[in-house]
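Student: Here's a structure for you.
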Amino acid sequence: MGIIDNSELQFFVKAVTINAKKIINKSIDAYNNLLQIDPESTKEIHKELGEDLEKKGNYDGAIKAYQKIILVDPNNVDVLFKLGKIYTRLGQSSAALEILSKVTLLDENIAEAFYLLGSVHFSADGNAEALIALNRAIALNPGYADAYYKVGLIADARSDHDAAIKAYLKTIQLKPDFVKAYQSLGFAYEAKGLRDEAVKYFKKSLEMEHKNS
């Protein structure tokens, strides 16, 4: 039976240990490189995450994901607009006004951004500011039925029933199934003392509600 050379065995163990460390170090380096994603890819990952959470109704999670992007890219119009829409949907007026105002300053050609900005102003009783924003939305998109309807509501709030009727008629011209616009027309005509016209549009709204039920 041969004699084991301990020096060779120790050398072998040491070699294996060194090589194992090299493999581990290479794995760690690869993992670190994977985590060091470039900024654009990081933004894209957070954007996709935010969109997915938003679709699932997890608005708080979506907001956090979008805010991660805004921290490194504060003028990202697309993400700011997504945030503005969420804040509007949640009824967080102050946050919505701040974000949507920034969006409309960075990009003056997003009709929906002006519409939402006008809607939030209107909800906060800022009718003058709302009208400016809504008219801008209409200028960008002449077929914006919802914007015309909000313009009509503002006119009604000012007791300018003629302007309200004009806006509501434009609304149903663009969107014939807009039930609320028919109802609002009825109230506007009633306010002017035009009973027959009021009844006509009230009946129309009831017919449409029955049809849609």
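FYI, nothing fancy with the structure tokens labels: chains A, B, ... in order, residues from 1 per chain, ligands from 1 as they appear.
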Name all residues at most 10 Å from Ala128 in chain A (count only C-alpha atoms; drop same-chain ones fewer than 4 positions away) and give them as a count of residues only.
Tutor: 6
Student: Go through range 26-126 of chain A and flag each residue having an atom no more than 12 Å from range 155-167 of chain A; for those, report the closest pair of atoms plus their distance in Å to one decimal, using only C-alpha atoms, ordered by chain and rising number, as a tab-separated table.
Tutor:
```
residue	atom	partner	partner_atom	distance
A:Phe122	CA	A:Ala157	CA	10.2
A:Ser123	CA	A:Ala157	CA	11.9
A:Asp125	CA	A:Ala157	CA	9.8
A:Gly126	CA	A:Ala157	CA	11.4
```
Student: Using the selection just defined, write its residues with N, CA and C atoms as a PDB file, in the first residue's frame.
Tutor:
```
ATOM      1  N   PHE A 122     -62.972  72.586 -12.567  1.00  0.00           N
ATOM      2  CA  PHE A 122     -64.436  72.708 -12.447  1.00  0.00           C
ATOM      3  C   PHE A 122     -64.918  72.089 -11.134  1.00  0.00           C
ATOM      4  N   SER A 123     -64.374  70.929 -10.786  1.00  0.00           N
ATOM      5  CA  SER A 123     -64.748  70.256  -9.534  1.00  0.00           C
ATOM      6  C   SER A 123     -64.371  71.090  -8.320  1.00  0.00           C
ATOM      7  N   ASP A 125     -64.484  74.305  -8.297  1.00  0.00           N
ATOM      8  CA  ASP A 125     -65.163  75.598  -8.479  1.00  0.00           C
ATOM      9  C   ASP A 125     -64.278  76.663  -9.116  1.00  0.00           C
ATOM     10  N   GLY A 126     -63.277  76.248  -9.840  1.00  0.00           N
ATOM     11  CA  GLY A 126     -62.451  77.201 -10.578  1.00  0.00           C
ATOM     12  C   GLY A 126     -62.944  77.305 -12.014  1.00  0.00           C
TER      13      GLY A 126
END
```
Student: Would you return as a ChimeraX atom specification the members of range 71-109 of chain A that DSSP assigns to helix (DSSP H, G or I) on this structure's backbone?
Tutor: /A:71-72,77-90,93-106
Student: Store the residues picked out above, limited to N, CA and C atoms, as a tab-separated table (two decimals), in the first residue's frame.
Tutor:
```tsv
chain	number	residue	atom	x	y	z
A	71	LEU	N	-38.48	60.54	-10.21
A	71	LEU	CA	-37.31	60.92	-9.41
A	71	LEU	C	-36.07	61.12	-10.27
A	72	VAL	N	-35.92	60.29	-11.30
A	72	VAL	CA	-34.74	60.38	-12.16
A	72	VAL	C	-35.03	61.11	-13.47
A	77	VAL	N	-43.14	63.39	-19.66
A	77	VAL	CA	-44.54	63.78	-19.89
A	77	VAL	C	-45.48	62.58	-19.84
A	78	ASP	N	-45.08	61.49	-20.46
A	78	ASP	CA	-45.94	60.31	-20.52
A	78	ASP	C	-46.26	59.80	-19.11
A	79	VAL	N	-45.25	59.70	-18.27
A	79	VAL	CA	-45.46	59.19	-16.91
A	79	VAL	C	-46.20	60.21	-16.04
A	80	LEU	N	-45.87	61.49	-16.21
A	80	LEU	CA	-46.59	62.53	-15.47
A	80	LEU	C	-48.08	62.50	-15.81
A	81	PHE	N	-48.37	62.29	-17.09
A	81	PHE	CA	-49.77	62.23	-17.52
A	81	PHE	C	-50.49	61.04	-16.90
A	82	LYS	N	-49.78	59.91	-16.83
A	82	LYS	CA	-50.37	58.73	-16.18
A	82	LYS	C	-50.68	59.03	-14.72
A	83	LEU	N	-49.76	59.71	-14.05
A	83	LEU	CA	-49.98	60.08	-12.65
A	83	LEU	C	-51.17	61.04	-12.53
A	84	GLY	N	-51.22	62.02	-13.43
A	84	GLY	CA	-52.31	62.99	-13.41
A	84	GLY	C	-53.67	62.34	-13.56
A	85	LYS	N	-53.75	61.34	-14.44
A	85	LYS	CA	-55.02	60.63	-14.64
A	85	LYS	C	-55.42	59.84	-13.40
A	86	ILE	N	-54.44	59.23	-12.75
A	86	ILE	CA	-54.74	58.46	-11.53
A	86	ILE	C	-55.22	59.40	-10.43
A	87	TYR	N	-54.51	60.51	-10.23
A	87	TYR	CA	-54.90	61.45	-9.18
A	87	TYR	C	-56.31	62.01	-9.45
A	88	THR	N	-56.62	62.25	-10.72
A	88	THR	CA	-57.96	62.73	-11.09
A	88	THR	C	-59.00	61.67	-10.75
A	89	ARG	N	-58.71	60.43	-11.11
A	89	ARG	CA	-59.63	59.31	-10.85
A	89	ARG	C	-59.87	59.14	-9.35
A	90	LEU	N	-58.82	59.35	-8.56
A	90	LEU	CA	-58.93	59.18	-7.10
A	90	LEU	C	-59.54	60.40	-6.41
A	93	SER	N	-57.53	66.26	-5.89
A	93	SER	CA	-57.52	67.47	-6.72
A	93	SER	C	-56.20	68.23	-6.72
A	94	SER	N	-55.63	68.44	-5.55
A	94	SER	CA	-54.39	69.22	-5.46
A	94	SER	C	-53.26	68.56	-6.24
A	95	ALA	N	-53.09	67.26	-6.04
A	95	ALA	CA	-52.04	66.53	-6.75
A	95	ALA	C	-52.32	66.51	-8.25
A	96	ALA	N	-53.59	66.32	-8.61
A	96	ALA	CA	-53.97	66.28	-10.03
A	96	ALA	C	-53.69	67.61	-10.70
A	97	LEU	N	-54.07	68.71	-10.04
A	97	LEU	CA	-53.84	70.04	-10.61
A	97	LEU	C	-52.35	70.31	-10.81
A	98	GLU	N	-51.56	69.95	-9.82
A	98	GLU	CA	-50.12	70.18	-9.91
A	98	GLU	C	-49.50	69.40	-11.07
A	99	ILE	N	-49.84	68.12	-11.17
A	99	ILE	CA	-49.25	67.27	-12.20
A	99	ILE	C	-49.76	67.64	-13.59
A	100	LEU	N	-51.07	67.82	-13.72
A	100	LEU	CA	-51.65	68.12	-15.04
A	100	LEU	C	-51.23	69.50	-15.54
A	101	SER	N	-51.06	70.45	-14.63
A	101	SER	CA	-50.56	71.77	-15.03
A	101	SER	C	-49.16	71.65	-15.62
A	102	LYS	N	-48.35	70.81	-14.99
A	102	LYS	CA	-46.99	70.60	-15.49
A	102	LYS	C	-47.01	69.92	-16.85
A	103	VAL	N	-47.90	68.94	-17.00
A	103	VAL	CA	-48.01	68.23	-18.28
A	103	VAL	C	-48.35	69.20	-19.41
A	104	THR	N	-49.34	70.08	-19.16
A	104	THR	CA	-49.77	71.01	-20.21
A	104	THR	C	-48.73	72.08	-20.51
A	105	LEU	N	-47.85	72.32	-19.56
A	105	LEU	CA	-46.74	73.25	-19.82
A	105	LEU	C	-45.64	72.59	-20.65
A	106	LEU	N	-45.39	71.32	-20.35
A	106	LEU	CA	-44.34	70.58	-21.07
A	106	LEU	C	-44.77	70.20	-22.48
```
Student: At a cut-off of 10 Å, using only C-alpha atoms, what residues contact range 197-213 of chain A? Leave out same-chain residues fewer than 5 positions from it and give the result as a list in words.
Tutor: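 Within the cut-off, the hits are Pro176, Asp177, Phe178, Val179, Lys180, Ala181, Tyr182, Gln183, Ser184, Leu185, Gly186, Phe187, Ala188, Tyr189, Glu190, Ala191 and Lys192 of chain A.
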Student: Could you write out the selected residues, including N, CA and C atoms, as an mmCIF file, in the first residue's frame?
Tutor:
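Dumped everything to out12.cif:
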```
data_model
loop_
_atom_site.group_PDB
_atom_site.id
_atom_site.type_symbol
_atom_site.label_atom_id
_atom_site.label_comp_id
_atom_site.auth_asym_id
_atom_site.auth_seq_id
_atom_site.Cartn_x
_atom_site.Cartn_y
_atom_site.Cartn_z
ATOM 1 N N PRO A 176 -74.267 61.194 -29.969
ATOM 2 C CA PRO A 176 -75.733 61.094 -29.887
ATOM 3 C C PRO A 176 -76.270 60.262 -28.724
ATOM 4 N N ASP A 177 -75.450 59.427 -28.126
ATOM 5 C CA ASP A 177 -75.921 58.580 -27.023
ATOM 6 C C ASP A 177 -75.558 59.134 -25.650
ATOM 7 N N PHE A 178 -75.210 60.423 -25.585
ATOM 8 C CA PHE A 178 -74.800 61.060 -24.335
ATOM 9 C C PHE A 178 -76.054 61.442 -23.544
ATOM 10 N N VAL A 179 -76.526 60.522 -22.700
ATOM 11 C CA VAL A 179 -77.785 60.696 -21.972
ATOM 12 C C VAL A 179 -77.787 61.957 -21.117
ATOM 13 N N LYS A 180 -76.722 62.204 -20.383
ATOM 14 C CA LYS A 180 -76.669 63.353 -19.480
ATOM 15 C C LYS A 180 -76.807 64.676 -20.231
ATOM 16 N N ALA A 181 -76.322 64.700 -21.460
ATOM 17 C CA ALA A 181 -76.425 65.927 -22.247
ATOM 18 C C ALA A 181 -77.883 66.236 -22.579
ATOM 19 N N TYR A 182 -78.691 65.195 -22.862
ATOM 20 C CA TYR A 182 -80.119 65.391 -23.117
ATOM 21 C C TYR A 182 -80.826 65.888 -21.859
ATOM 22 N N GLN A 183 -80.460 65.313 -20.716
ATOM 23 C CA GLN A 183 -81.046 65.754 -19.449
ATOM 24 C C GLN A 183 -80.701 67.219 -19.174
ATOM 25 N N SER A 184 -79.440 67.557 -19.390
ATOM 26 C CA SER A 184 -78.999 68.931 -19.153
ATOM 27 C C SER A 184 -79.671 69.913 -20.103
ATOM 28 N N LEU A 185 -79.898 69.484 -21.331
ATOM 29 C CA LEU A 185 -80.642 70.324 -22.288
ATOM 30 C C LEU A 185 -82.045 70.589 -21.768
ATOM 31 N N GLY A 186 -82.680 69.543 -21.240
ATOM 32 C CA GLY A 186 -84.022 69.705 -20.687
ATOM 33 C C GLY A 186 -84.052 70.738 -19.578
ATOM 34 N N PHE A 187 -83.081 70.662 -18.666
ATOM 35 C CA PHE A 187 -83.036 71.626 -17.557
ATOM 36 C C PHE A 187 -82.733 73.044 -18.062
ATOM 37 N N ALA A 188 -81.849 73.153 -19.048
ATOM 38 C CA ALA A 188 -81.493 74.474 -19.581
ATOM 39 C C ALA A 188 -82.694 75.130 -20.264
ATOM 40 N N TYR A 189 -83.443 74.346 -21.043
ATOM 41 C CA TYR A 189 -84.640 74.888 -21.704
ATOM 42 C C TYR A 189 -85.718 75.238 -20.675
ATOM 43 N N GLU A 190 -85.839 74.414 -19.643
ATOM 44 C CA GLU A 190 -86.801 74.698 -18.578
ATOM 45 C C GLU A 190 -86.449 75.999 -17.870
ATOM 46 N N ALA A 191 -85.160 76.228 -17.644
ATOM 47 C CA ALA A 191 -84.708 77.461 -16.993
ATOM 48 C C ALA A 191 -85.048 78.692 -17.833
ATOM 49 N N LYS A 192 -85.119 78.500 -19.153
ATOM 50 C CA LYS A 192 -85.477 79.606 -20.049
ATOM 51 C C LYS A 192 -86.995 79.737 -20.217
#
```
Student: What's the separation between CA of Tyr59 in chain A and CA of Asp107 in chain A, in Å to one decimal place?
Tutor: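 Between CA of Tyr59 in chain A and CA of Asp107 in chain A the gap works out to 24.3 Å.
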Student: Using only C-alpha atoms, which residues sit within 12 Å of Glu44 in chain A once same-chain residues fewer than 2 positions away are excluded, as a list in words?
Tutor: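 Counting only the stated atoms, we get Ile37, Asp38, Pro39, Glu40, Ser41, Thr42, His46, Lys47, Glu48, Leu49, Gly50, Glu51, Ala65, Tyr66, Lys68, Ile69, Asp73, Asn76, Asp78 and Val79 of chain A.
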Student: Within 9 Å of Asn141 in chain A, counting only C-alpha atoms, which residues qualify if same-chain residues fewer than 3 places away don't, as a list in words?
Tutor: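 So the residues in contact are Ala111, Glu112, Arg136, Ala137, Ile138 and Tyr144 of chain A.
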Student: Return the single residue from A:Leu134, A:Lys56, A:Pro74, A:Tyr168 that is closest to Ala113 in chain A, with distances computed using only C-alpha atoms.
Tutor: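 Distance minimum relative to Ala113 in chain A lands on A:Leu134.
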Student: Interatomic distance between CA of Gln67 in chain A and CA of Ala147 in chain A?
Tutor: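 That distance, rounded to one decimal, is 28.6 Å.
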Student: What is the distance, in Å and to one decimal place, between CA of Gln173 in chain A and CA of Ser119 in chain A?
Tutor: 21.0 Å
Student: Residues near Asn135 in chain A, anyone? I mean within 8 Å using only C-alpha atoms, not counting same-chain ones fewer than 4 positions away, as an mmCIF file with N, CA and C atoms, in the first residue's frame.
Tutor:
```
data_model
loop_
_atom_site.group_PDB
_atom_site.id
_atom_site.type_symbol
_atom_site.label_atom_id
_atom_site.label_comp_id
_atom_site.auth_asym_id
_atom_site.auth_seq_id
_atom_site.Cartn_x
_atom_site.Cartn_y
_atom_site.Cartn_z
ATOM 1 N N LEU A 131 -62.697 76.721 -17.883
ATOM 2 C CA LEU A 131 -63.133 77.085 -19.230
ATOM 3 C C LEU A 131 -61.944 77.262 -20.170
ATOM 4 N N ALA A 139 -59.999 73.065 -28.930
ATOM 5 C CA ALA A 139 -59.186 73.582 -30.034
ATOM 6 C C ALA A 139 -58.276 72.492 -30.597
ATOM 7 N N ALA A 147 -65.739 67.468 -23.560
ATOM 8 C CA ALA A 147 -65.269 68.820 -23.253
ATOM 9 C C ALA A 147 -66.384 69.836 -23.504
ATOM 10 N N VAL A 151 -68.170 72.426 -20.824
ATOM 11 C CA VAL A 151 -68.337 73.854 -21.126
ATOM 12 C C VAL A 151 -69.793 74.252 -20.891
#
```
